[in-house]
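Student: I am sharing input_9.pdb, which consists of PDB, C-alpha atoms:
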```
ATOM      1  CA  MET Q  27      47.800 109.690  75.170
ATOM      2  CA  ARG Q  28      47.073 106.488  76.933
ATOM      3  CA  THR Q  29      48.248 106.265  80.523
ATOM      4  CA  ALA Q  30      48.261 102.475  80.482
ATOM      5  CA  PHE Q  31      46.846 102.213  83.976
ATOM      6  CA  ILE Q  32      46.670  98.451  83.479
ATOM      7  CA  LEU Q  33      50.477  98.402  83.365
ATOM      8  CA  ALA Q  34      50.954 100.422  86.525
ATOM      9  CA  ALA Q  35      50.895  97.396  88.813
ATOM     10  CA  THR Q  36      53.675  95.710  86.863
ATOM     11  CA  LEU Q  37      56.007  98.688  86.697
ATOM     12  CA  THR Q  38      58.842  98.318  89.171
ATOM     13  CA  VAL Q  39      60.945 101.351  88.312
ATOM     14  CA  SER Q  40      61.406 103.488  91.388
ATOM     15  CA  ALA Q  41      59.576 106.793  91.505
ATOM     16  CA  CYS Q  42      62.799 108.433  92.569
ATOM     17  CA  ALA Q  43      64.252 107.787  89.100
ATOM     18  CA  THR Q  44      62.719 110.989  87.800
ATOM     19  CA  THR Q  45      64.474 113.043  90.459
ATOM     20  CA  GLN Q  46      67.908 112.069  89.198
ATOM     21  CA  GLN Q  47      69.749 114.106  86.601
ATOM     22  CA  ASN Q  48      70.372 112.247  83.340
ATOM     23  CA  THR Q  49      73.613 113.601  81.921
ATOM     24  CA  GLN Q  50      73.956 111.330  78.902
ATOM     25  CA  LEU Q  51      75.581 113.342  76.110
ATOM     26  CA  GLU Q  52      74.865 113.325  72.406
ATOM     27  CA  ASP Q  53      78.013 111.418  71.421
ATOM     28  CA  ALA Q  54      77.324 108.515  73.816
ATOM     29  CA  LEU Q  55      73.676 107.762  73.207
ATOM     30  CA  GLU Q  56      72.149 104.319  73.348
ATOM     31  CA  THR Q  57      70.090 103.409  70.316
ATOM     32  CA  THR Q  58      67.092 101.145  69.904
ATOM     33  CA  GLY Q  59      64.583  99.920  67.346
ATOM     34  CA  SER Q  60      64.566 100.321  63.580
ATOM     35  CA  ILE Q  61      63.019 102.243  60.696
ATOM     36  CA  GLU Q  62      60.651 100.568  58.243
ATOM     37  CA  ILE Q  63      60.065 102.449  54.981
ATOM     38  CA  ILE Q  64      56.763 101.380  53.426
ATOM     39  CA  ASN Q  65      56.352 104.059  50.758
ATOM     40  CA  GLN Q  66      59.247 105.864  49.040
ATOM     41  CA  GLN Q  67      57.570 109.200  49.849
ATOM     42  CA  ALA Q  68      58.757 108.697  53.422
ATOM     43  CA  LEU Q  69      62.375 109.123  52.334
ATOM     44  CA  SER Q  70      61.732 112.857  51.954
ATOM     45  CA  TYR Q  71      61.394 113.032  55.748
ATOM     46  CA  LEU Q  72      63.021 109.958  57.221
ATOM     47  CA  ALA Q  73      66.198 108.042  56.381
ATOM     48  CA  GLU Q  74      65.992 104.263  56.451
ATOM     49  CA  ASP Q  75      69.221 104.082  58.487
ATOM     50  CA  ALA Q  76      68.199 106.851  60.936
ATOM     51  CA  LYS Q  77      69.105 106.062  64.530
ATOM     52  CA  ILE Q  78      66.493 105.979  67.265
ATOM     53  CA  SER Q  79      68.361 107.423  70.240
ATOM     54  CA  ILE Q  80      67.509 107.170  73.938
ATOM     55  CA  ARG Q  81      67.611 110.668  75.445
ATOM     56  CA  GLY Q  82      66.328 109.774  78.896
ATOM     57  CA  LYS Q  83      65.242 106.631  80.720
ATOM     58  CA  GLY Q  84      64.166 105.319  84.116
ATOM     59  CA  TYR Q  85      60.686 106.826  84.142
ATOM     60  CA  ARG Q  86      57.407 104.967  84.653
ATOM     61  CA  TRP Q  87      55.170 106.083  81.774
ATOM     62  CA  THR Q  88      56.225 109.004  79.589
ATOM     63  CA  GLU Q  89      53.729 111.138  77.692
ATOM     64  CA  GLY Q  90      52.716 114.559  76.391
ATOM     65  CA  PRO Q  91      55.932 115.943  74.829
ATOM     66  CA  VAL Q  92      55.985 119.617  73.844
ATOM     67  CA  TRP Q  93      58.899 121.577  72.363
ATOM     68  CA  ILE Q  94      59.584 124.986  73.932
ATOM     69  CA  ALA Q  95      61.091 126.840  70.985
ATOM     70  CA  GLU Q  96      62.189 130.076  72.664
ATOM     71  CA  GLN Q  97      64.282 128.259  75.267
ATOM     72  CA  ASN Q  98      65.220 125.286  73.050
ATOM     73  CA  TYR Q  99      64.119 122.451  75.318
ATOM     74  CA  LEU Q 100      61.480 119.743  75.545
ATOM     75  CA  LEU Q 101      58.965 119.072  78.294
ATOM     76  CA  PHE Q 102      57.262 115.721  78.776
ATOM     77  CA  SER Q 103      55.147 114.032  81.427
ATOM     78  CA  ASP Q 104      55.972 111.092  83.668
ATOM     79  CA  ILE Q 105      52.365 110.406  84.630
ATOM     80  CA  PRO Q 106      52.578 107.870  87.495
ATOM     81  CA  ASN Q 107      55.298 109.927  89.169
ATOM     82  CA  ASN Q 108      53.173 113.109  88.888
ATOM     83  CA  THR Q 109      56.014 115.089  87.333
ATOM     84  CA  VAL Q 110      56.947 116.989  84.190
ATOM     85  CA  ILE Q 111      60.498 116.361  82.963
ATOM     86  CA  LYS Q 112      62.721 118.785  81.054
ATOM     87  CA  TYR Q 113      65.107 117.636  78.336
ATOM     88  CA  GLN Q 114      67.832 119.993  77.091
ATOM     89  CA  PRO Q 115      70.047 118.994  74.156
ATOM     90  CA  ASN Q 116      73.592 118.160  75.310
ATOM     91  CA  GLN Q 117      72.521 118.483  78.947
ATOM     92  CA  GLY Q 118      70.090 115.622  79.499
ATOM     93  CA  THR Q 119      66.964 115.489  81.619
ATOM     94  CA  SER Q 120      65.868 116.839  84.980
ATOM     95  CA  VAL Q 121      62.636 117.347  86.904
ATOM     96  CA  TYR Q 122      60.861 120.493  85.727
ATOM     97  CA  LEU Q 123      57.625 120.368  87.754
ATOM     98  CA  ALA Q 124      56.495 118.170  90.633
ATOM     99  CA  GLN Q 125      52.789 117.616  91.370
ATOM    100  CA  SER Q 126      52.027 118.258  87.741
ATOM    101  CA  GLY Q 127      48.527 116.839  87.598
ATOM    102  CA  ALA Q 128      47.471 115.580  91.015
ATOM    103  CA  SER Q 129      47.443 118.423  93.508
ATOM    104  CA  GLY Q 130      44.748 117.188  95.894
ATOM    105  CA  LEU Q 131      42.095 119.355  94.273
ATOM    106  CA  TYR Q 132      39.313 117.125  95.640
ATOM    107  CA  GLU Q 133      39.458 114.721  98.579
ATOM    108  CA  GLY Q 134      39.933 111.154  97.395
ATOM    109  CA  ASP Q 135      41.324 112.049  93.967
ATOM    110  CA  TYR Q 136      43.860 109.693  92.442
ATOM    111  CA  GLY Q 137      47.543 110.473  92.129
ATOM    112  CA  GLN Q 138      48.268 110.505  88.403
ATOM    113  CA  GLY Q 139      50.003 113.548  87.023
ATOM    114  CA  ALA Q 140      49.606 115.558  83.845
ATOM    115  CA  ASN Q 141      49.302 113.779  80.520
ATOM    116  CA  GLY Q 142      49.204 116.079  77.478
ATOM    117  CA  LEU Q 143      51.185 119.327  77.515
ATOM    118  CA  LEU Q 144      50.923 122.252  75.105
ATOM    119  CA  LEU Q 145      51.378 126.010  74.917
ATOM    120  CA  ASN Q 146      48.644 128.571  74.377
ATOM    121  CA  ASP Q 147      49.013 131.728  72.273
ATOM    122  CA  GLU Q 148      50.466 133.567  75.265
ATOM    123  CA  GLY Q 149      53.211 131.009  75.740
ATOM    124  CA  GLN Q 150      51.710 129.565  78.918
ATOM    125  CA  LEU Q 151      51.928 125.866  79.744
ATOM    126  CA  VAL Q 152      48.585 124.082  79.441
ATOM    127  CA  LEU Q 153      48.283 120.691  81.127
ATOM    128  CA  LEU Q 154      45.765 117.873  80.773
ATOM    129  CA  GLN Q 155      45.671 116.793  84.406
ATOM    130  CA  GLN Q 156      44.562 113.241  85.077
ATOM    131  CA  GLY Q 157      44.593 113.354  88.875
ATOM    132  CA  ASP Q 158      42.807 116.695  89.136
ATOM    133  CA  ARG Q 159      40.574 115.728  86.181
ATOM    134  CA  ARG Q 160      40.814 119.068  84.431
ATOM    135  CA  VAL Q 161      42.452 121.153  81.746
ATOM    136  CA  ALA Q 162      44.530 123.840  83.428
ATOM    137  CA  ILE Q 163      47.147 126.540  82.879
ATOM    138  CA  MET Q 164      50.245 126.643  85.041
ATOM    139  CA  ASP Q 165      49.980 129.907  86.948
ATOM    140  CA  ALA Q 166      53.685 130.685  86.720
ATOM    141  CA  PRO Q 167      56.216 131.633  84.021
ATOM    142  CA  LEU Q 168      57.856 128.826  82.067
ATOM    143  CA  THR Q 169      61.177 129.929  83.536
ATOM    144  CA  SER Q 170      59.914 129.568  87.140
ATOM    145  CA  PRO Q 171      57.557 126.585  87.177
ATOM    146  CA  LYS Q 172      55.248 126.044  90.140
ATOM    147  CA  SER Q 173      52.536 123.541  90.999
ATOM    148  CA  LYS Q 174      49.932 126.286  90.881
ATOM    149  CA  PHE Q 175      47.156 126.156  88.298
ATOM    150  CA  ILE Q 176      44.176 127.967  86.839
ATOM    151  CA  THR Q 177      41.300 125.735  85.732
ATOM    152  CA  LEU Q 178      40.181 126.036  82.112
ATOM    153  CA  ALA Q 179      37.751 123.094  82.065
ATOM    154  CA  SER Q 180      36.850 120.579  84.772
ATOM    155  CA  HIS Q 181      33.128 119.835  84.334
ATOM    156  CA  TYR Q 182      30.536 119.227  81.663
ATOM    157  CA  GLN Q 183      26.900 119.774  82.593
ATOM    158  CA  GLU Q 184      27.942 119.999  86.260
ATOM    159  CA  LYS Q 185      29.679 116.607  86.197
ATOM    160  CA  ARG Q 186      33.417 116.164  86.604
ATOM    161  CA  LEU Q 187      35.374 115.158  83.538
ATOM    162  CA  ASN Q 188      36.902 111.665  83.521
ATOM    163  CA  SER Q 189      40.600 112.457  83.028
ATOM    164  CA  PRO Q 190      41.453 114.892  80.219
ATOM    165  CA  ASN Q 191      44.127 113.338  78.071
ATOM    166  CA  ASP Q 192      45.245 115.185  74.933
ATOM    167  CA  ALA Q 193      44.412 118.494  73.279
ATOM    168  CA  VAL Q 194      45.071 120.708  70.284
ATOM    169  CA  TYR Q 195      44.545 124.437  69.805
ATOM    170  CA  HIS Q 196      42.686 125.927  66.843
ATOM    171  CA  SER Q 197      43.830 129.281  65.477
ATOM    172  CA  ASP Q 198      40.600 130.854  66.786
ATOM    173  CA  GLY Q 199      41.715 130.115  70.354
ATOM    174  CA  SER Q 200      39.421 127.157  70.962
ATOM    175  CA  LEU Q 201      40.817 123.940  72.397
ATOM    176  CA  TYR Q 202      39.777 120.457  71.282
ATOM    177  CA  PHE Q 203      40.405 117.716  73.850
ATOM    178  CA  THR Q 204      39.692 114.074  74.647
ATOM    179  CA  ASP Q 205      38.448 112.656  77.943
ATOM    180  CA  PRO Q 206      38.973 108.878  78.298
ATOM    181  CA  PRO Q 207      38.961 107.140  81.720
ATOM    182  CA  TYR Q 208      42.670 106.307  81.942
ATOM    183  CA  GLY Q 209      43.323 108.507  84.969
ATOM    184  CA  LEU Q 210      40.670 106.702  87.014
ATOM    185  CA  ASN Q 211      41.964 103.725  88.987
ATOM    186  CA  ALA Q 212      39.207 101.375  87.790
ATOM    187  CA  GLY Q 213      38.825 102.919  84.356
ATOM    188  CA  MET Q 214      35.342 102.670  82.892
ATOM    189  CA  ASP Q 215      33.991 101.097  86.099
ATOM    190  CA  ASP Q 216      35.495 103.519  88.574
ATOM    191  CA  GLN Q 217      33.099 104.583  91.332
ATOM    192  CA  ARG Q 218      34.234 108.209  91.024
ATOM    193  CA  LYS Q 219      33.377 108.381  87.324
ATOM    194  CA  GLU Q 220      30.519 110.879  86.880
ATOM    195  CA  ILE Q 221      30.045 110.945  83.093
ATOM    196  CA  ASP Q 222      28.713 107.786  81.419
ATOM    197  CA  TYR Q 223      30.647 108.277  78.191
ATOM    198  CA  GLN Q 224      34.162 109.272  77.107
ATOM    199  CA  GLY Q 225      33.820 112.526  75.236
ATOM    200  CA  ILE Q 226      35.554 114.552  72.576
ATOM    201  CA  TYR Q 227      35.077 118.197  73.554
ATOM    202  CA  ARG Q 228      35.631 121.744  72.386
ATOM    203  CA  LEU Q 229      36.567 124.475  74.858
ATOM    204  CA  SER Q 230      35.750 127.837  73.263
ATOM    205  CA  SER Q 231      37.939 130.886  73.750
ATOM    206  CA  ASP Q 232      35.297 132.292  76.116
ATOM    207  CA  GLY Q 233      35.392 129.193  78.337
ATOM    208  CA  GLU Q 234      32.337 127.243  77.153
ATOM    209  CA  VAL Q 235      32.716 123.454  77.010
ATOM    210  CA  SER Q 236      30.704 121.704  74.294
ATOM    211  CA  LEU Q 237      30.455 117.966  73.621
ATOM    212  CA  LEU Q 238      31.318 116.983  70.049
ATOM    213  CA  ASP Q 239      31.147 113.177  70.151
ATOM    214  CA  GLU Q 240      30.168 110.804  72.961
ATOM    215  CA  SER Q 241      30.196 107.583  70.923
ATOM    216  CA  VAL Q 242      33.920 106.726  71.077
ATOM    217  CA  ASN Q 243      34.895 104.494  74.003
ATOM    218  CA  PHE Q 244      38.564 105.444  74.264
ATOM    219  CA  PRO Q 245      39.308 108.734  72.457
ATOM    220  CA  ASN Q 246      42.949 109.535  72.948
ATOM    221  CA  GLY Q 247      45.402 111.523  70.806
ATOM    222  CA  ILE Q 248      43.969 114.466  68.871
ATOM    223  CA  ALA Q 249      45.285 116.743  66.107
ATOM    224  CA  LEU Q 250      44.198 119.185  63.408
ATOM    225  CA  SER Q 251      45.116 119.212  59.736
ATOM    226  CA  LEU Q 252      47.179 122.189  58.558
ATOM    227  CA  ASP Q 253      44.144 123.930  57.046
ATOM    228  CA  GLU Q 254      42.086 123.161  60.185
ATOM    229  CA  THR Q 255      39.334 121.463  58.207
ATOM    230  CA  THR Q 256      39.983 117.956  59.566
ATOM    231  CA  LEU Q 257      40.109 116.756  63.162
ATOM    232  CA  TYR Q 258      42.045 113.533  63.759
ATOM    233  CA  VAL Q 259      41.367 111.358  66.818
ATOM    234  CA  ALA Q 260      43.247 108.225  67.876
ATOM    235  CA  VAL Q 261      41.130 105.514  69.490
ATOM    236  CA  SER Q 262      43.018 103.300  71.952
ATOM    237  CA  ASP Q 263      40.355 100.615  72.131
ATOM    238  CA  ASP Q 264      41.840  97.138  72.736
ATOM    239  CA  ALA Q 265      38.956  95.578  70.804
ATOM    240  CA  HIS Q 266      39.054  98.015  67.884
ATOM    241  CA  PRO Q 267      42.174 100.205  67.652
ATOM    242  CA  ARG Q 268      41.829 102.869  64.962
ATOM    243  CA  TRP Q 269      42.275 106.469  63.919
ATOM    244  CA  LEU Q 270      39.227 108.580  63.054
ATOM    245  CA  ALA Q 271      38.791 111.761  61.020
ATOM    246  CA  TYR Q 272      36.029 114.377  61.196
ATOM    247  CA  ASP Q 273      35.222 117.389  59.066
ATOM    248  CA  LEU Q 274      35.559 120.533  61.152
ATOM    249  CA  ASN Q 275      32.955 123.217  60.499
ATOM    250  CA  ALA Q 276      33.452 126.970  60.736
ATOM    251  CA  ASP Q 277      31.390 127.112  63.955
ATOM    252  CA  GLY Q 278      33.660 124.551  65.632
ATOM    253  CA  SER Q 279      31.290 121.608  65.303
ATOM    254  CA  ILE Q 280      32.235 118.340  63.605
ATOM    255  CA  GLU Q 281      30.566 116.082  61.056
ATOM    256  CA  ASN Q 282      31.285 113.283  58.567
ATOM    257  CA  LYS Q 283      32.960 110.980  61.069
ATOM    258  CA  ARG Q 284      34.965 108.371  59.166
ATOM    259  CA  MET Q 285      37.736 105.816  59.436
ATOM    260  CA  PHE Q 286      41.175 107.306  58.835
ATOM    261  CA  TYR Q 287      43.006 104.023  59.466
ATOM    262  CA  ASN Q 288      41.715 100.755  60.901
ATOM    263  CA  ALA Q 289      44.325  98.901  62.974
ATOM    264  CA  LYS Q 290      42.046  96.095  64.154
ATOM    265  CA  ALA Q 291      43.834  93.516  61.999
ATOM    266  CA  LEU Q 292      47.021  94.062  64.045
ATOM    267  CA  ILE Q 293      45.527  92.858  67.337
ATOM    268  CA  GLY Q 294      47.767  90.084  68.629
ATOM    269  CA  VAL Q 295      50.299  90.388  65.796
ATOM    270  CA  GLU Q 296      53.869  89.970  67.000
ATOM    271  CA  GLY Q 297      55.807  93.234  66.925
ATOM    272  CA  GLU Q 298      52.653  95.351  66.735
ATOM    273  CA  GLN Q 299      52.000  95.817  70.441
ATOM    274  CA  GLY Q 300      50.445  99.079  71.543
ATOM    275  CA  LEU Q 301      47.490 101.187  70.507
ATOM    276  CA  PRO Q 302      46.811 104.433  68.609
ATOM    277  CA  ASP Q 303      47.770 107.318  70.855
ATOM    278  CA  GLY Q 304      49.329 110.783  70.566
ATOM    279  CA  MET Q 305      50.260 112.400  67.263
ATOM    280  CA  VAL Q 306      51.754 115.477  65.629
ATOM    281  CA  VAL Q 307      51.171 117.021  62.191
ATOM    282  CA  HIS Q 308      54.257 117.885  60.123
ATOM    283  CA  SER Q 309      54.373 121.053  57.983
ATOM    284  CA  SER Q 310      53.999 118.774  54.941
ATOM    285  CA  GLY Q 311      50.588 117.725  56.222
ATOM    286  CA  ASN Q 312      51.831 114.223  56.976
ATOM    287  CA  ILE Q 313      51.129 112.854  60.431
ATOM    288  CA  PHE Q 314      53.470 111.163  62.891
ATOM    289  CA  ALA Q 315      51.211 109.037  65.092
ATOM    290  CA  SER Q 316      52.123 106.686  67.912
ATOM    291  CA  GLY Q 317      50.473 103.309  67.535
ATOM    292  CA  PRO Q 318      51.102  99.552  67.321
ATOM    293  CA  GLY Q 319      54.830  98.908  67.122
ATOM    294  CA  GLY Q 320      55.981 102.508  67.564
ATOM    295  CA  VAL Q 321      55.319 105.673  65.528
ATOM    296  CA  TRP Q 322      53.557 105.582  62.168
ATOM    297  CA  LEU Q 323      54.023 108.143  59.400
ATOM    298  CA  PHE Q 324      50.714 108.742  57.594
ATOM    299  CA  SER Q 325      49.901 110.804  54.533
ATOM    300  CA  PRO Q 326      46.894 113.137  54.955
ATOM    301  CA  LYS Q 327      44.839 110.501  53.109
ATOM    302  CA  GLY Q 328      45.617 107.802  55.663
ATOM    303  CA  GLU Q 329      48.279 105.986  53.643
ATOM    304  CA  VAL Q 330      51.038 104.449  55.778
ATOM    305  CA  LEU Q 331      54.421 105.757  54.595
ATOM    306  CA  ALA Q 332      56.741 104.411  57.290
ATOM    307  CA  LYS Q 333      56.950 102.975  60.781
ATOM    308  CA  ILE Q 334      59.480 103.920  63.431
ATOM    309  CA  ARG Q 335      59.736 100.703  65.407
ATOM    310  CA  THR Q 336      60.736 101.662  68.932
ATOM    311  CA  GLY Q 337      60.765  98.180  70.458
ATOM    312  CA  ARG Q 338      58.534  99.309  73.330
ATOM    313  CA  LEU Q 339      55.006 100.540  73.971
ATOM    314  CA  THR Q 340      54.826 104.046  72.536
ATOM    315  CA  ALA Q 341      52.605 106.835  73.804
ATOM    316  CA  ASN Q 342      53.244 110.098  71.969
ATOM    317  CA  CYS Q 343      55.520 112.224  69.819
ATOM    318  CA  THR Q 344      56.262 115.808  68.837
ATOM    319  CA  LEU Q 345      58.602 117.800  66.597
ATOM    320  CA  SER Q 346      61.336 120.302  67.317
ATOM    321  CA  ALA Q 347      60.663 123.787  65.978
ATOM    322  CA  ASP Q 348      62.860 123.224  62.907
ATOM    323  CA  GLU Q 349      61.303 119.761  62.330
ATOM    324  CA  LYS Q 350      64.753 118.197  62.256
ATOM    325  CA  THR Q 351      64.022 115.986  65.269
ATOM    326  CA  LEU Q 352      61.073 113.831  66.217
ATOM    327  CA  PHE Q 353      60.838 113.234  69.963
ATOM    328  CA  ILE Q 354      59.013 110.118  71.132
ATOM    329  CA  THR Q 355      57.749 109.188  74.586
ATOM    330  CA  ALA Q 356      57.841 105.393  74.823
ATOM    331  CA  HIS Q 357      57.073 103.603  78.079
ATOM    332  CA  ASP Q 358      59.985 104.421  80.446
ATOM    333  CA  THR Q 359      62.066 106.400  77.937
ATOM    334  CA  LEU Q 360      62.372 109.556  75.879
ATOM    335  CA  LEU Q 361      63.576 108.820  72.336
ATOM    336  CA  SER Q 362      64.580 110.944  69.367
ATOM    337  CA  VAL Q 363      64.855 110.375  65.619
ATOM    338  CA  PRO Q 364      66.570 112.772  63.172
ATOM    339  CA  LEU Q 365      64.433 113.930  60.266
ATOM    340  CA  LEU Q 366      65.434 115.228  56.836
TER     341      LEU Q 366
END
```
Starting from the file, give its structure as structure tokens.
Tutor:
Amino acid sequence: MRTAFILAATLTVSACATTQQNTQLEDALETTGSIEIINQQALSYLAEDAKISIRGKGYRWTEGPVWIAEQNYLLFSDIPNNTVIKYQPNQGTSVYLAQSGASGLYEGDYGQGANGLLLNDEGQLVLLQQGDRRVAIMDAPLTSPKSKFITLASHYQEKRLNSPNDAVYHSDGSLYFTDPPYGLNAGMDDQRKEIDYQGIYRLSSDGEVSLLDESVNFPNGIALSLDETTLYVAVSDDAHPRWLAYDLNADGSIENKRMFYNAKALIGVEGEQGLPDGMVVHSSGNIFASGPGGVWLFSPKGEVLAKIRTGRLTANCTLSADEKTLFITAHDTLLSVPLL
């Protein structure tokens, strides 16, 4: 879930845009982009003439979408504006939570909000907070959101994390998360950076943080295969964009690091702007992964089945509970694509 801090200086959309209600209805949606079918297998999930609809716009950098099944709405982050936005079908978007990831936890902290969002087994909202540099639970019901949080992980070996980015829960209650430097104003060279590397971590159900891999410069989106034997990690490295896969052991450790898909050849190719970022695993085992050009549909073996070309830098995606809609956070918009 790349924050694209290098774009922040060029963004001119007013921060107040996220405080305005977007009342665009389903029968009057703008559309954008196109669908590229690469393998006929994709037609089981995605129609070639499917419309990519704009569900909300006017944000600064959207990220971290999560579907709230019980209430039938979507939450997503607008990181530079330090807010979480709520999208309700047929009602549009509105601010759900202000001060979502920068609450002034430490003096001098930067102002970026939450990035990744997900729910734990108890239905609580878990946030990857870039400004506060921690993984936290919102200490309030989903129906009454408040900028009040309980820290789950903020340090490793007594050093503050860089800026937790994306996470995925295992069925045993442990949380796997990535910690690139995108929430730090100067990135890798920021004076407030305390850890020399950008880690992939595991937070156990009893609160212990363990380092799994420190060798990846820009670990970003993260996901688990359906059988929880493979951990997928997107690497948003400008010099070597790629997706990695690891075998996941019964004790929570990882091994057999390998290339899932190498996107290096796309650097500088027209229409392939963007980097590997957030992803979601479909019940078929196929993976929708944001990357160069939009959202890619991968088979579990790393074969590219289709590309959803959004026409803008694309950060993340998630599925509705019935898997009939793919929601996409792309630069200043929230998009949706119907699935079969």
Student: Go ahead and compute the interatomic distance for atom CA of Ser251 of chain Q and atom CA of Ser180 of chain Q, in Å to one decimal.
Tutor: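 It comes out at 26.4 Å.
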Student: Written as an mmCIF file with C-alpha atoms, keeping the file's coordinate frame, what is the full residue list that the PyMOL selection byres ((chain Q and resi 67-73) around 12) yields on the file shown?
Tutor:
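Written file, result-v3.cif:
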```cif
data_model
loop_
_atom_site.group_PDB
_atom_site.id
_atom_site.type_symbol
_atom_site.label_atom_id
_atom_site.label_comp_id
_atom_site.auth_asym_id
_atom_site.auth_seq_id
_atom_site.Cartn_x
_atom_site.Cartn_y
_atom_site.Cartn_z
ATOM 1 C CA SER Q 60 64.566 100.321 63.580
ATOM 2 C CA ILE Q 61 63.019 102.243 60.696
ATOM 3 C CA GLU Q 62 60.651 100.568 58.243
ATOM 4 C CA ILE Q 63 60.065 102.449 54.981
ATOM 5 C CA ILE Q 64 56.763 101.380 53.426
ATOM 6 C CA ASN Q 65 56.352 104.059 50.758
ATOM 7 C CA GLN Q 66 59.247 105.864 49.040
ATOM 8 C CA GLU Q 74 65.992 104.263 56.451
ATOM 9 C CA ASP Q 75 69.221 104.082 58.487
ATOM 10 C CA ALA Q 76 68.199 106.851 60.936
ATOM 11 C CA LYS Q 77 69.105 106.062 64.530
ATOM 12 C CA ILE Q 78 66.493 105.979 67.265
ATOM 13 C CA HIS Q 308 54.257 117.885 60.123
ATOM 14 C CA SER Q 309 54.373 121.053 57.983
ATOM 15 C CA SER Q 310 53.999 118.774 54.941
ATOM 16 C CA GLY Q 311 50.588 117.725 56.222
ATOM 17 C CA ASN Q 312 51.831 114.223 56.976
ATOM 18 C CA ILE Q 313 51.129 112.854 60.431
ATOM 19 C CA PHE Q 314 53.470 111.163 62.891
ATOM 20 C CA TRP Q 322 53.557 105.582 62.168
ATOM 21 C CA LEU Q 323 54.023 108.143 59.400
ATOM 22 C CA PHE Q 324 50.714 108.742 57.594
ATOM 23 C CA SER Q 325 49.901 110.804 54.533
ATOM 24 C CA GLU Q 329 48.279 105.986 53.643
ATOM 25 C CA VAL Q 330 51.038 104.449 55.778
ATOM 26 C CA LEU Q 331 54.421 105.757 54.595
ATOM 27 C CA ALA Q 332 56.741 104.411 57.290
ATOM 28 C CA LYS Q 333 56.950 102.975 60.781
ATOM 29 C CA ILE Q 334 59.480 103.920 63.431
ATOM 30 C CA GLU Q 349 61.303 119.761 62.330
ATOM 31 C CA LYS Q 350 64.753 118.197 62.256
ATOM 32 C CA THR Q 351 64.022 115.986 65.269
ATOM 33 C CA LEU Q 352 61.073 113.831 66.217
ATOM 34 C CA VAL Q 363 64.855 110.375 65.619
ATOM 35 C CA PRO Q 364 66.570 112.772 63.172
ATOM 36 C CA LEU Q 365 64.433 113.930 60.266
ATOM 37 C CA LEU Q 366 65.434 115.228 56.836
#
```
Student: Between atom CA of Ile176 of chain Q and atom CA of Ser262 of chain Q, measure the distance and give it in Å to one decimal.
Tutor: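 Interatomic distance, atom CA of Ile176 of chain Q to atom CA of Ser262 of chain Q: 28.8 Å.
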Student: If we count all atoms listed in the file and set the cut-off at 7 Å, which residues sit around Leu151 of chain Q, ignoring sequence neighbours fewer than 5 positions away in its own chain? Please answer as a VMD selection string.
Tutor: chain Q and resid 143 to 146 163 to 164
Student: Please identify all polymer residues lying at most 9 Å from the point (56.8, 114.4, 88.4) (file coordinates), using all atoms listed in the file, and present the result as a PyMOL selection string.
Tutor: chain Q and resi 41+44-45+103-111+121-127+139-140
Student: For the file shown, report as a list of chain:residue names the outcome of the PyMOL selection byres ((chain Q and resi 354) around 8) at residue level.
Tutor: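 Applied to this file, the PyMOL selection byres ((chain Q and resi 354) around 8) returns Q:Pro91, Q:Thr340, Q:Ala341, Q:Asn342, Q:Cys343, Q:Thr344, Q:Leu352, Q:Phe353, Q:Thr355, Q:Ala356, Q:Leu360, Q:Leu361, Q:Ser362.
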Student: Measure the distance from atom CA of Asn188 of chain Q to atom CA of Leu153 of chain Q in Å and round it to one decimal.
Tutor: 14.7 Å
Student: Between Q:Thr204, Q:Ser346, Q:Ser236, Q:Gln217, single out the one closest to Val261 of chain Q, counting all atoms listed in the file.
Tutor: Q:Thr204
Student: Starting from 5 Å padding per side, set up an axis-aligned box that covers all listed atoms of segment 183-194 of chain Q and hand over centre and edge lengths in Å, one decimal, as JSON.
Tutor:
```
{"center_x": 36.1, "center_y": 116.2, "center_z": 78.4, "size_x": 28.3, "size_y": 19.0, "size_z": 26.3}
```
Student: Near Asp222 of chain Q, counting all atoms listed in the file, which residues have an atom at most 12 Å away, once you skip same-chain residues fewer than 3 positions from it, shown as a VMD selection string?
Tutor: chain Q and resid 182 185 to 188 205 to 207 213 to 219 225 240 to 243
Student: With the file shown as input, list the residues that the PyMOL selection byres ((chain Q and resi 359) around 8) selects, as a ChimeraX atom specification.
Tutor: /Q:80-85,87-88,355-358,360-361
Student: Identify the residues around (47.1, 114.1, 63.1) within a radius of 10 Å, measuring from only C-alpha atoms in the coordinates stated by the file, and give them as a PyMOL selection string.
Tutor: chain Q and resi 194+247-252+256-260+269-271+286+304-308+311-315+323-326+328
Student: Report as a PDB file with C-alpha atoms, keeping the file's coordinate frame all protein, DNA and RNA residues lying within 9 Å of Asn282 of chain Q, evaluated on only C-alpha atoms, omitting residues in the same chain fewer than 4 positions from it.
Tutor:
```pdb
ATOM      1  CA  ALA Q 271      38.791 111.761  61.020  1.00  0.00           C
ATOM      2  CA  TYR Q 272      36.029 114.377  61.196  1.00  0.00           C
ATOM      3  CA  ASP Q 273      35.222 117.389  59.066  1.00  0.00           C
ATOM      4  CA  LEU Q 274      35.559 120.533  61.152  1.00  0.00           C
TER       5      LEU Q 274
END
```
Student: Which is closest to Glu254 of chain Q among Q:Arg338, Q:Val295, Q:Met285, Q:Ser200, if we use only C-alpha atoms?
Tutor: Q:Ser200
